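Visitor: Dropping the structure in here first, questions after.
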Amino acid sequence: MEDPLVVGENRGMEEPLLSGTDDCKGGIRTLPFIIASGALEKLASMGLSPSMILYLTEVYGMKSVQASSVIFLWTAATYFTPIICAFLADSYFGRFMMIVAGSIFSCLGMFVLWLTAMIPQARPFCDEISGHCNAPSTPQLLFLYSSYAIMSIGSGCLQSSNFAFGADQLYKENKSNSGILDIYFNLCYISVSVGTLVGMSCIVYIQDRMGWEMGFGVPIALMLLATVTFLSASSLYLKSVPSKSWCAGLVHVVFAAYKKRRMQIPFVGTSEMYHHENGSSCTLPSDKLRFLNKACIIKNYEEELISDGKASNPWSLCTVEQVENLKALIRIIPLWSTGILVSASMSQSVYVLQVASMDRHLTSSFEVPAGSFIAMLVVFVIIWIILYDRLILPLASRYRGKPTRLSGKTRMGMAIPFCILSLAVSAIVEGYRRALAIKEGFSDDPNAVVSMSAFWTLPRYILFGIAEAFYAIGQLEFFYNELPKAMSSVATSLLGLNTCAGNLAASFIMTTVDNFSKTIGVKSWVSSNINEGHNDYYYWLLFGLLVANFFYYLACNNSYGPSKEESEDISNAEDYNNTVN
């Protein structure tokens with residue numbers, strides 16, 4: 001038997017509001033334009049970030065802590081803006097216009113960043129012989145930071161709408177083939193991963209070999225190509241009609257519950273005492289977060305309802321569906337917060353500085369750029385997803401004699417131990433690297449390269465890749481299933497918001513460690529000279545925080561109870577056992 005609350009939560013957006021839903025619009029033929037433009041955008045944007053700490057330290061003369069903080073804040077802004085843009089796209093502008101705006105802002109931001117490399121007056125003077133750089137002036141910093149701000153806005157617009165806009169095009173196909181969306185999302189993920197991989201390797205290689213002018217110029221050309229590719233099929237797209245009803249509904253629930261805060265909630269209620277839409281299957285609110293149920297209790301039929309059964313004042317009376325929507329959003333927040341430290345551990349820019357101080361030669365003539373090592377994480381994400389989906393799950397199903405899979409919530413939890421192991425490996429490798437640097441006489445030379453292969457850091461990226469595959473996809477699946485379909489854009493943007501919070505947490509942790517070290521009069525663990533600092537101690541600190549975070553996840557998981565996906569799996573398992581018996 002279906003849970004009426006589940007049915008009620010999902011019925012509001014079964015058929016999205018679309019303009020031009022005739023046979024000439026949308027369809028599979030539009031997907032190559034959308035997928036290709038998304039891949040090109042990732043190729044351009046992800047090619048900028050890996051080597052940015054080197055640009056700030058070498059060209060702008062920043063200390064590693066300051067440069068890391070700037071990158072943390074830029075990344076945080078990049079992953080925070082999608083949640084705002086998701087609300088704007090669904091409520092006011094529509095996804096098509098949001099993608100167009102995002103493309104324009106991204107091109108403009110990359111152009112401003114390119115100007116910092118092209119115009120000598122836009123950056124501080126650096127002596128190439130001594131390596132000494134003047135401190136950047138306030139106008140120079142403002143010009144640089146403006147490029148980050150503009151790119152963050154553009155990225156937010158694109159991340160919030162690109163995937164969902166492609167799904168809109170399959171409006172008709174999805175009615176006849178429910179698996180078409182799974183195929184679409186798989187293609188999107190693969191294309192974005194390939195774009196990210198190429199950007200983190202080829203674009204970084206261009207920056208390393210041809211200079212920042214060419215290295216920042218190529219992403220502009222790629223972003224322009226992505227924009228032209230997307231707009232070339234403009235006349236073929238189905239375009240969503242924005243609706244702000246669900247956004248306003250969440251606010252209405254808060255106000256209505258506050259107004260009725262002194263009301264007593266009966267332990268046993270009937271559908272007649274709660275306000276719900278005509279024909280709705282969701283007529284009774286759940287017992288979780290019961291204080292919000294006050295928002296949908298009808299105190300006076302004559303005063304609170306009009307002739308057609310709707311609320312006379314939505315700020316005083318809400319529907320059961322609106323109450324349950326807000327509950328679903330509130331209930332996932334604790335589990336969402338368990339990913340903050342996971343994101344913080346993966347976004348440490350000091351990893352690049354560590355790799356840059358090690359031998360990166362694949363052959364005697366080819367040296368891998370330090371910024372390209374992060375691309376290995378993406379490689380292992382793709383490898384692990386293929387192994388998990390095509391080998392591990394089929395073998396597990398065959399061994400158990402029934403279909404086997406892990407829920408999104410379970411995969412979120414499994415990611416944390418892999419992060420913990422990765423940090424332990426990073427700390428051990430860094431301890432050996434630092435000891436070797438001191439032994440070879442490089443204590444005072446942060447730019448020296450020790451006789452230790454950078455590929456000793458490979459286990460870190462393998463473990464982080466597995467963790468990323470588990471956590472990112474697990475979060476997306478969990479949020480998408482738990483939140484109402486009307487909030488799908490927000491659900492797909494919560495992962496980016498998690499990364500935003502993770503970067504802010506990483507910046508706070510690093511700054512706190514640096515300031516605390518100065519307060520007690522010892523050399524900072526995160527010193528610009530990594531041979532004098534103690535990055536290994538810093539990694540062990542993150543290790544301890546992740547261990548505590550894992551126990552926090554277990555508590556949140558236990559408090560949340562079974563997810564919809566887990567409840568469905570339990571029901572299917574019971575049906576399977578009944579069939580076998």
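The way I read the labels, and the way they are meant: chains A, B, ... in the order of the structure tokens, residue 1 as the first residue of every chain, and ligand 1 as the first ligand shown, with later ones counted on from there.
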Would you please extract all alpha helix (DSSP H) residues from region 373-514 of chain A, as assigned by DSSP on the backbone, and give them as a PyMOL selection string?

Guide: chain A and resi 375-387+393-400+408-439+458-482+488-514

Visitor: Would you save the residues of that selection, restricted to C-alpha atoms, as a compact mmCIF listing (two decimals), in the first residue's frame?

Guide:
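Done, and the output landed in selection.txt:
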# COMPACT_ATOMS: atom_id res chain seq x y z
CA ALA A 375 42.53 15.13 -12.37
CA MET A 376 43.44 11.70 -11.02
CA LEU A 377 40.59 12.05 -8.55
CA VAL A 378 38.15 12.44 -11.46
CA VAL A 379 39.69 9.41 -13.22
CA PHE A 380 39.17 7.23 -10.16
CA VAL A 381 35.63 8.56 -9.69
CA ILE A 382 34.77 7.32 -13.18
CA ILE A 383 36.60 4.01 -12.72
CA TRP A 384 34.91 3.33 -9.38
CA ILE A 385 31.41 4.12 -10.72
CA ILE A 386 31.91 1.69 -13.58
CA LEU A 387 33.28 -1.02 -11.27
CA LEU A 393 26.62 -4.87 -7.59
CA PRO A 394 26.04 -7.74 -10.07
CA LEU A 395 28.42 -9.99 -8.10
CA ALA A 396 26.72 -9.04 -4.82
CA SER A 397 23.29 -9.74 -6.32
CA ARG A 398 24.46 -13.10 -7.63
CA TYR A 399 25.99 -14.02 -4.26
CA ARG A 400 22.87 -13.07 -2.30
CA GLY A 408 21.86 6.99 -1.28
CA LYS A 409 21.92 7.53 2.49
CA THR A 410 24.12 4.47 3.04
CA ARG A 411 26.56 5.54 0.32
CA MET A 412 26.88 8.95 1.99
CA GLY A 413 28.00 7.21 5.16
CA MET A 414 30.42 4.87 3.37
CA ALA A 415 32.23 7.85 1.82
CA ILE A 416 33.42 9.18 5.18
CA PRO A 417 35.73 6.23 6.09
CA PHE A 418 37.40 6.54 2.68
CA CYS A 419 38.05 10.24 3.38
CA ILE A 420 39.50 9.30 6.78
CA LEU A 421 41.87 6.77 5.18
CA SER A 422 42.89 9.30 2.52
CA LEU A 423 43.86 11.87 5.14
CA ALA A 424 45.87 9.27 7.07
CA VAL A 425 47.77 8.38 3.88
CA SER A 426 48.32 12.09 3.12
CA ALA A 427 49.75 12.69 6.60
CA ILE A 428 52.13 9.71 6.40
CA VAL A 429 53.40 10.67 2.91
CA GLU A 430 53.84 14.31 3.94
CA GLY A 431 55.81 13.26 7.02
CA TYR A 432 58.27 11.33 4.84
CA ARG A 433 58.44 14.14 2.25
CA ARG A 434 59.19 16.82 4.85
CA ALA A 435 61.86 14.69 6.55
CA LEU A 436 63.50 14.08 3.17
CA ALA A 437 63.41 17.80 2.32
CA ILE A 438 65.19 18.64 5.57
CA LYS A 439 67.72 15.84 5.03
CA LEU A 458 48.31 8.55 -5.81
CA PRO A 459 46.60 6.55 -2.99
CA ARG A 460 45.14 9.80 -1.69
CA TYR A 461 43.41 10.48 -4.99
CA ILE A 462 42.24 6.86 -5.29
CA LEU A 463 40.60 6.99 -1.86
CA PHE A 464 39.19 10.47 -2.44
CA GLY A 465 37.84 9.31 -5.82
CA ILE A 466 35.94 6.44 -4.19
CA ALA A 467 34.67 8.80 -1.48
CA GLU A 468 33.56 11.36 -4.07
CA ALA A 469 31.71 8.72 -6.11
CA PHE A 470 29.91 7.44 -3.03
CA TYR A 471 29.09 10.81 -1.49
CA ALA A 472 28.24 13.00 -4.48
CA ILE A 473 25.96 10.52 -6.23
CA GLY A 474 24.56 9.29 -2.91
CA GLN A 475 23.65 12.84 -1.90
CA LEU A 476 22.05 13.66 -5.24
CA GLU A 477 19.97 10.48 -5.15
CA PHE A 478 19.01 10.92 -1.50
CA PHE A 479 17.95 14.57 -1.85
CA TYR A 480 16.13 13.96 -5.12
CA ASN A 481 14.11 11.09 -3.64
CA GLU A 482 13.38 12.67 -0.27
CA SER A 488 13.93 19.11 -7.75
CA SER A 489 16.06 22.11 -8.78
CA VAL A 490 16.84 22.82 -5.14
CA ALA A 491 17.54 19.13 -4.50
CA THR A 492 20.17 19.00 -7.26
CA SER A 493 21.74 22.25 -5.97
CA LEU A 494 22.19 21.08 -2.37
CA LEU A 495 25.37 19.18 -3.26
CA GLY A 496 26.90 22.44 -4.49
CA LEU A 497 25.79 24.18 -1.31
CA ASN A 498 27.55 21.42 0.62
CA THR A 499 30.77 22.11 -1.27
CA CYS A 500 30.32 25.82 -0.52
CA ALA A 501 30.02 25.17 3.21
CA GLY A 502 32.96 22.77 3.01
CA ASN A 503 35.22 25.42 1.50
CA LEU A 504 34.18 27.94 4.14
CA ALA A 505 34.93 25.35 6.83
CA ALA A 506 38.29 24.58 5.22
CA SER A 507 39.18 28.28 5.16
CA PHE A 508 38.15 28.65 8.81
CA ILE A 509 40.15 25.60 9.92
CA MET A 510 43.28 26.68 8.06
CA THR A 511 43.09 30.28 9.30
CA THR A 512 42.47 29.13 12.87
CA VAL A 513 45.46 26.76 12.77
CA ASP A 514 47.68 29.50 11.34

Visitor: Could you check which of A:Ile298, A:Leu341, A:Met98, A:Met358 is closest to Trp456 (chain A), using only C-alpha atoms?

Guide: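 Checking each candidate against Trp456 (chain A), we get A:Met358 as the closest.
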
Visitor: For the atom pair CA of Ile190 (chain A) and CA of Lys25 (chain A), what is the interatomic distance in Å to one decimal place?

Guide: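 According to the coordinates, CA of Ile190 (chain A) and CA of Lys25 (chain A) are separated by 25.4 Å.
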
Visitor: So which bits of region 267-447 of chain A end up strand (DSSP E or B) when you DSSP the backbone, as a list in words?

Guide: Tyr274, Ile297, Leu305, Ala311, Met358, Asp359, His361 and Glu367 of chain A

Visitor: So which one's closest to Val253 (chain A), A:Arg360, A:Lys327, A:Lys523, A:Lys63? Using only C-alpha atoms, please.

Guide: A:Lys327

Visitor: With distances taken over only C-alpha atoms, which residue among A:Val320, A:Leu48, A:Ile332, A:Leu546 lies nearest Gly561 (chain A)?

Guide: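 Closest residue, counting only C-alpha atoms: A:Ile332.
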
Visitor: Which neighbours of Leu317 (chain A) fall inside 10 Å, counting only C-alpha atoms, when residues of the same chain fewer than 2 positions from it are skipped, and could you give them as an MDAnalysis selection string?

Guide: chainID A and resid 252:253 255:257 259:260 274:275 294:299 304:305 310:315 319:320

Visitor: Hey, which of A:Leu108, A:Ala164, A:Ala135, A:Met346 ends up closest to Ala86 (chain A)? Count only C-alpha atoms.

Guide: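 Of A:Leu108, A:Ala164, A:Ala135, A:Met346, the one nearest Ala86 (chain A) is A:Ala164, counting only C-alpha atoms.
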
Visitor: Can you list, as a list in words, every protein, DNA or RNA residue that comes within 9 Å of Ser201 (chain A) when you count only C-alpha atoms, leaving out same-chain residues fewer than 4 positions away?

Guide: Gly47, Thr196, Leu197, Tyr205, Ile206, Val368, Pro369, Gly371, Ser372, Phe373, Ile374 and Ala375 of chain A

Visitor: Go ahead and save the picked residues with C-alpha atoms, as a PDB file, in the first residue's frame.

Guide:
ATOM      1  CA  GLY A  47      40.802  24.273 -16.205  1.00  0.00           C
ATOM      2  CA  THR A 196      36.535  18.207 -15.987  1.00  0.00           C
ATOM      3  CA  LEU A 197      39.294  15.680 -16.652  1.00  0.00           C
ATOM      4  CA  TYR A 205      49.384  21.898 -19.093  1.00  0.00           C
ATOM      5  CA  ILE A 206      48.892  24.937 -21.342  1.00  0.00           C
ATOM      6  CA  VAL A 368      53.117  16.293 -15.050  1.00  0.00           C
ATOM      7  CA  PRO A 369      51.972  19.778 -13.933  1.00  0.00           C
ATOM      8  CA  GLY A 371      47.714  21.222 -10.829  1.00  0.00           C
ATOM      9  CA  SER A 372      46.904  18.227 -13.032  1.00  0.00           C
ATOM     10  CA  PHE A 373      47.235  15.697 -10.223  1.00  0.00           C
ATOM     11  CA  ILE A 374      43.722  16.552  -9.031  1.00  0.00           C
ATOM     12  CA  ALA A 375      42.527  15.131 -12.368  1.00  0.00           C
TER      13      ALA A 375
END

Visitor: Which is closer to Gly339 (chain A) than all the others in A:Val450, A:Ala117, A:Ala233, A:Cys556, using only C-alpha atoms?

Guide: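 Smallest distance to Gly339 (chain A) is found for A:Cys556.
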
Visitor: Go ahead and compute the interatomic distance for CA of Gly27 (chain A) and CA of Ile83 (chain A), in Å to one decimal.

Guide: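 One can read the CA of Gly27 (chain A) to CA of Ile83 (chain A) distance as 27.0 Å.
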
Visitor: Which polymer residues have any atom within 10 Å of an atom of Val228 (chain A), counting only C-alpha atoms, with same-chain residues fewer than 6 positions away left out, as number ranges by chain?

Guide: A: 33, 37, 103, 222

Visitor: Within 12 Å of Phe216 (chain A), counting only C-alpha atoms, which residues qualify if same-chain residues fewer than 6 places away don't, as a compact mmCIF listing (two decimals) with all heavy atoms, in the first residue's frame?

Guide:
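Heads up, here's the output in around-v7.txt:
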# COMPACT_ATOMS: atom_id res chain seq x y z
N ALA A 44 36.16 24.48 -19.57
CA ALA A 44 36.70 25.83 -19.41
C ALA A 44 36.88 26.21 -17.95
O ALA A 44 37.94 26.70 -17.54
CB ALA A 44 35.77 26.83 -20.10
N SER A 45 35.84 25.99 -17.13
CA SER A 45 35.88 26.45 -15.74
C SER A 45 36.82 25.61 -14.88
O SER A 45 37.57 26.14 -14.06
CB SER A 45 34.47 26.43 -15.14
OG SER A 45 33.92 25.12 -15.16
N MET A 46 36.82 24.28 -15.06
CA MET A 46 37.66 23.43 -14.24
C MET A 46 39.13 23.52 -14.63
O MET A 46 40.01 23.13 -13.86
CB MET A 46 37.19 21.98 -14.32
CG MET A 46 35.80 21.74 -13.76
SD MET A 46 35.58 22.37 -12.08
CE MET A 46 36.71 21.33 -11.17
N GLY A 47 39.41 24.06 -15.81
CA GLY A 47 40.80 24.27 -16.20
C GLY A 47 41.45 25.44 -15.50
O GLY A 47 42.67 25.59 -15.51
N LEU A 48 40.65 26.28 -14.86
CA LEU A 48 41.17 27.46 -14.17
C LEU A 48 41.55 27.20 -12.72
O LEU A 48 42.50 27.78 -12.20
CB LEU A 48 40.14 28.59 -14.22
CG LEU A 48 39.82 29.18 -15.59
CD1 LEU A 48 38.68 30.20 -15.48
CD2 LEU A 48 41.05 29.84 -16.19
N SER A 49 40.80 26.33 -12.06
CA SER A 49 40.95 26.21 -10.61
C SER A 49 42.19 25.47 -10.10
O SER A 49 42.78 25.90 -9.10
CB SER A 49 39.70 25.57 -10.01
OG SER A 49 39.42 24.34 -10.62
N SER A 51 45.42 25.27 -10.85
CA SER A 51 46.67 26.00 -10.75
C SER A 51 46.49 27.41 -10.18
O SER A 51 47.46 28.19 -10.16
CB SER A 51 47.34 26.09 -12.12
OG SER A 51 47.68 24.81 -12.61
N MET A 52 45.29 27.73 -9.72
CA MET A 52 45.05 29.10 -9.26
C MET A 52 45.92 29.47 -8.06
O MET A 52 46.35 30.62 -7.93
CB MET A 52 43.57 29.28 -8.93
CG MET A 52 43.16 30.74 -8.70
SD MET A 52 43.55 31.83 -10.10
CE MET A 52 42.47 31.16 -11.37
N TYR A 55 49.13 30.69 -9.35
CA TYR A 55 48.99 32.03 -9.93
C TYR A 55 49.01 33.10 -8.83
O TYR A 55 49.67 34.13 -8.96
CB TYR A 55 47.69 32.11 -10.73
CG TYR A 55 47.50 33.42 -11.46
CD1 TYR A 55 48.35 33.80 -12.48
CD2 TYR A 55 46.44 34.27 -11.13
CE1 TYR A 55 48.17 35.00 -13.17
CE2 TYR A 55 46.25 35.47 -11.81
CZ TYR A 55 47.12 35.84 -12.82
OH TYR A 55 46.94 37.03 -13.48
N CYS A 107 31.61 34.02 -19.39
CA CYS A 107 32.52 34.59 -20.40
C CYS A 107 33.13 35.89 -19.90
O CYS A 107 34.34 36.12 -20.05
CB CYS A 107 31.76 34.83 -21.71
SG CYS A 107 31.34 33.34 -22.62
N GLY A 109 33.50 36.97 -16.75
CA GLY A 109 34.42 36.75 -15.64
C GLY A 109 35.76 36.19 -16.09
O GLY A 109 36.82 36.62 -15.60
N MET A 110 35.74 35.24 -17.04
CA MET A 110 37.00 34.70 -17.56
C MET A 110 37.79 35.75 -18.32
O MET A 110 39.02 35.77 -18.28
CB MET A 110 36.69 33.51 -18.48
CG MET A 110 36.14 32.30 -17.74
SD MET A 110 35.71 30.94 -18.87
CE MET A 110 34.99 29.77 -17.72
N PHE A 111 37.07 36.65 -19.00
CA PHE A 111 37.74 37.73 -19.73
C PHE A 111 38.47 38.67 -18.76
O PHE A 111 39.61 39.07 -19.01
CB PHE A 111 36.72 38.50 -20.56
CG PHE A 111 37.30 39.66 -21.33
CD1 PHE A 111 38.10 39.43 -22.44
CD2 PHE A 111 37.06 40.97 -20.93
CE1 PHE A 111 38.65 40.50 -23.15
CE2 PHE A 111 37.60 42.04 -21.63
CZ PHE A 111 38.40 41.80 -22.74
N VAL A 112 37.82 39.01 -17.66
CA VAL A 112 38.44 39.89 -16.65
C VAL A 112 39.67 39.20 -16.05
O VAL A 112 40.72 39.85 -15.85
CB VAL A 112 37.43 40.26 -15.55
CG1 VAL A 112 38.12 41.06 -14.43
CG2 VAL A 112 36.28 41.08 -16.14
N LEU A 113 39.58 37.89 -15.76
CA LEU A 113 40.73 37.17 -15.23
C LEU A 113 41.87 37.16 -16.25
O LEU A 113 43.05 37.33 -15.88
CB LEU A 113 40.32 35.73 -14.89
CG LEU A 113 41.43 34.84 -14.33
CD1 LEU A 113 41.93 35.36 -12.99
CD2 LEU A 113 40.95 33.40 -14.18
N TRP A 114 41.56 36.98 -17.52
CA TRP A 114 42.57 37.00 -18.58
C TRP A 114 43.27 38.35 -18.63
O TRP A 114 44.49 38.42 -18.84
CB TRP A 114 41.90 36.68 -19.91
CG TRP A 114 42.81 36.73 -21.11
CD1 TRP A 114 43.83 35.89 -21.40
CD2 TRP A 114 42.74 37.68 -22.18
NE1 TRP A 114 44.43 36.25 -22.60
CE2 TRP A 114 43.78 37.34 -23.09
CE3 TRP A 114 41.92 38.77 -22.47
CZ2 TRP A 114 44.00 38.07 -24.27
CZ3 TRP A 114 42.14 39.49 -23.63
CH2 TRP A 114 43.17 39.14 -24.52
N LEU A 115 42.52 39.44 -18.40
CA LEU A 115 43.12 40.79 -18.41
C LEU A 115 44.16 40.96 -17.30
O LEU A 115 45.13 41.69 -17.46
CB LEU A 115 42.03 41.86 -18.27
CG LEU A 115 41.09 42.04 -19.47
CD1 LEU A 115 40.06 43.13 -19.19
CD2 LEU A 115 41.87 42.38 -20.74
N THR A 116 43.96 40.27 -16.15
CA THR A 116 44.95 40.38 -15.08
C THR A 116 46.30 39.80 -15.51
O THR A 116 47.34 40.20 -14.99
CB THR A 116 44.47 39.65 -13.81
OG1 THR A 116 44.39 38.24 -14.07
CG2 THR A 116 43.13 40.16 -13.35
N ALA A 117 46.27 38.83 -16.43
CA ALA A 117 47.51 38.26 -16.94
C ALA A 117 48.07 39.06 -18.11
O ALA A 117 49.29 39.08 -18.32
CB ALA A 117 47.29 36.81 -17.37
N MET A 118 47.20 39.73 -18.87
CA MET A 118 47.61 40.45 -20.07
C MET A 118 48.12 41.86 -19.78
O MET A 118 49.03 42.35 -20.45
CB MET A 118 46.45 40.52 -21.06
CG MET A 118 46.08 39.19 -21.68
SD MET A 118 47.41 38.50 -22.71
CE MET A 118 47.52 39.73 -24.01
N SER A 147 36.73 39.29 -10.97
CA SER A 147 36.65 38.19 -11.94
C SER A 147 36.11 36.93 -11.27
O SER A 147 35.28 36.22 -11.85
CB SER A 147 38.03 37.91 -12.54
OG SER A 147 38.92 37.35 -11.59
N GLY A 199 39.94 19.45 -18.74
CA GLY A 199 40.28 20.78 -18.24
C GLY A 199 41.39 20.75 -17.22
O GLY A 199 42.32 21.58 -17.25
N ILE A 203 44.26 22.02 -20.01
CA ILE A 203 44.32 23.46 -19.75
C ILE A 203 45.43 23.79 -18.76
O ILE A 203 46.17 24.77 -18.93
CB ILE A 203 42.96 23.97 -19.21
CG1 ILE A 203 41.84 23.65 -20.20
CG2 ILE A 203 43.02 25.48 -18.95
CD1 ILE A 203 41.98 24.28 -21.55
N VAL A 204 45.57 22.97 -17.73
CA VAL A 204 46.65 23.18 -16.77
C VAL A 204 48.01 23.02 -17.45
O VAL A 204 48.96 23.77 -17.14
CB VAL A 204 46.51 22.19 -15.58
CG1 VAL A 204 47.74 22.25 -14.68
CG2 VAL A 204 45.26 22.52 -14.78
N TYR A 205 48.12 22.08 -18.36
CA TYR A 205 49.38 21.90 -19.09
C TYR A 205 49.71 23.14 -19.93
O TYR A 205 50.87 23.57 -20.00
CB TYR A 205 49.29 20.67 -19.99
CG TYR A 205 50.58 20.32 -20.69
CD1 TYR A 205 51.57 19.61 -20.01
CD2 TYR A 205 50.80 20.71 -22.00
CE1 TYR A 205 52.77 19.28 -20.64
CE2 TYR A 205 52.00 20.40 -22.63
CZ TYR A 205 52.98 19.69 -21.95
OH TYR A 205 54.16 19.39 -22.58
N ILE A 206 48.69 23.71 -20.56
CA ILE A 206 48.89 24.94 -21.34
C ILE A 206 49.36 26.07 -20.43
O ILE A 206 50.28 26.83 -20.78
CB ILE A 206 47.59 25.33 -22.07
CG1 ILE A 206 47.26 24.30 -23.15
CG2 ILE A 206 47.69 26.73 -22.67
CD1 ILE A 206 45.91 24.50 -23.81
N GLN A 207 48.75 26.20 -19.25
CA GLN A 207 49.17 27.24 -18.30
C GLN A 207 50.61 27.03 -17.88
O GLN A 207 51.38 27.99 -17.73
CB GLN A 207 48.25 27.22 -17.08
CG GLN A 207 46.81 27.62 -17.38
CD GLN A 207 45.86 27.27 -16.25
OE1 GLN A 207 46.25 26.63 -15.28
NE2 GLN A 207 44.60 27.66 -16.38
N ASP A 208 50.99 25.78 -17.69
CA ASP A 208 52.34 25.47 -17.21
C ASP A 208 53.39 25.68 -18.30
O ASP A 208 54.50 26.16 -18.00
CB ASP A 208 52.36 24.02 -16.72
CG ASP A 208 53.67 23.64 -16.05
OD1 ASP A 208 54.01 24.28 -15.05
OD2 ASP A 208 54.34 22.72 -16.54
N MET A 210 52.81 27.28 -21.61
CA MET A 210 52.67 28.44 -22.49
C MET A 210 52.39 29.74 -21.75
O MET A 210 52.25 30.79 -22.38
CB MET A 210 51.54 28.19 -23.52
CG MET A 210 51.78 26.97 -24.38
SD MET A 210 50.48 26.75 -25.62
CE MET A 210 50.98 25.19 -26.35
N LEU A 222 36.66 28.46 -25.19
CA LEU A 222 35.81 27.29 -24.93
C LEU A 222 34.44 27.71 -24.41
O LEU A 222 33.42 27.13 -24.78
CB LEU A 222 36.50 26.37 -23.93
CG LEU A 222 37.76 25.65 -24.44
CD1 LEU A 222 38.48 24.96 -23.29
CD2 LEU A 222 37.41 24.64 -25.53
N MET A 223 34.41 28.72 -23.54
CA MET A 223 33.14 29.18 -22.99
C MET A 223 32.29 29.85 -24.07
O MET A 223 31.06 29.68 -24.08
CB MET A 223 33.40 30.16 -21.84
CG MET A 223 32.19 30.44 -20.97
SD MET A 223 31.60 28.96 -20.13
CE MET A 223 29.87 28.99 -20.61

Visitor: Near Pro446 (chain A), counting only C-alpha atoms, which residues have an atom at most 9 Å away, once you skip same-chain residues fewer than 6 positions from it, shown as number ranges by chain?

Guide: A: 357, 528-532
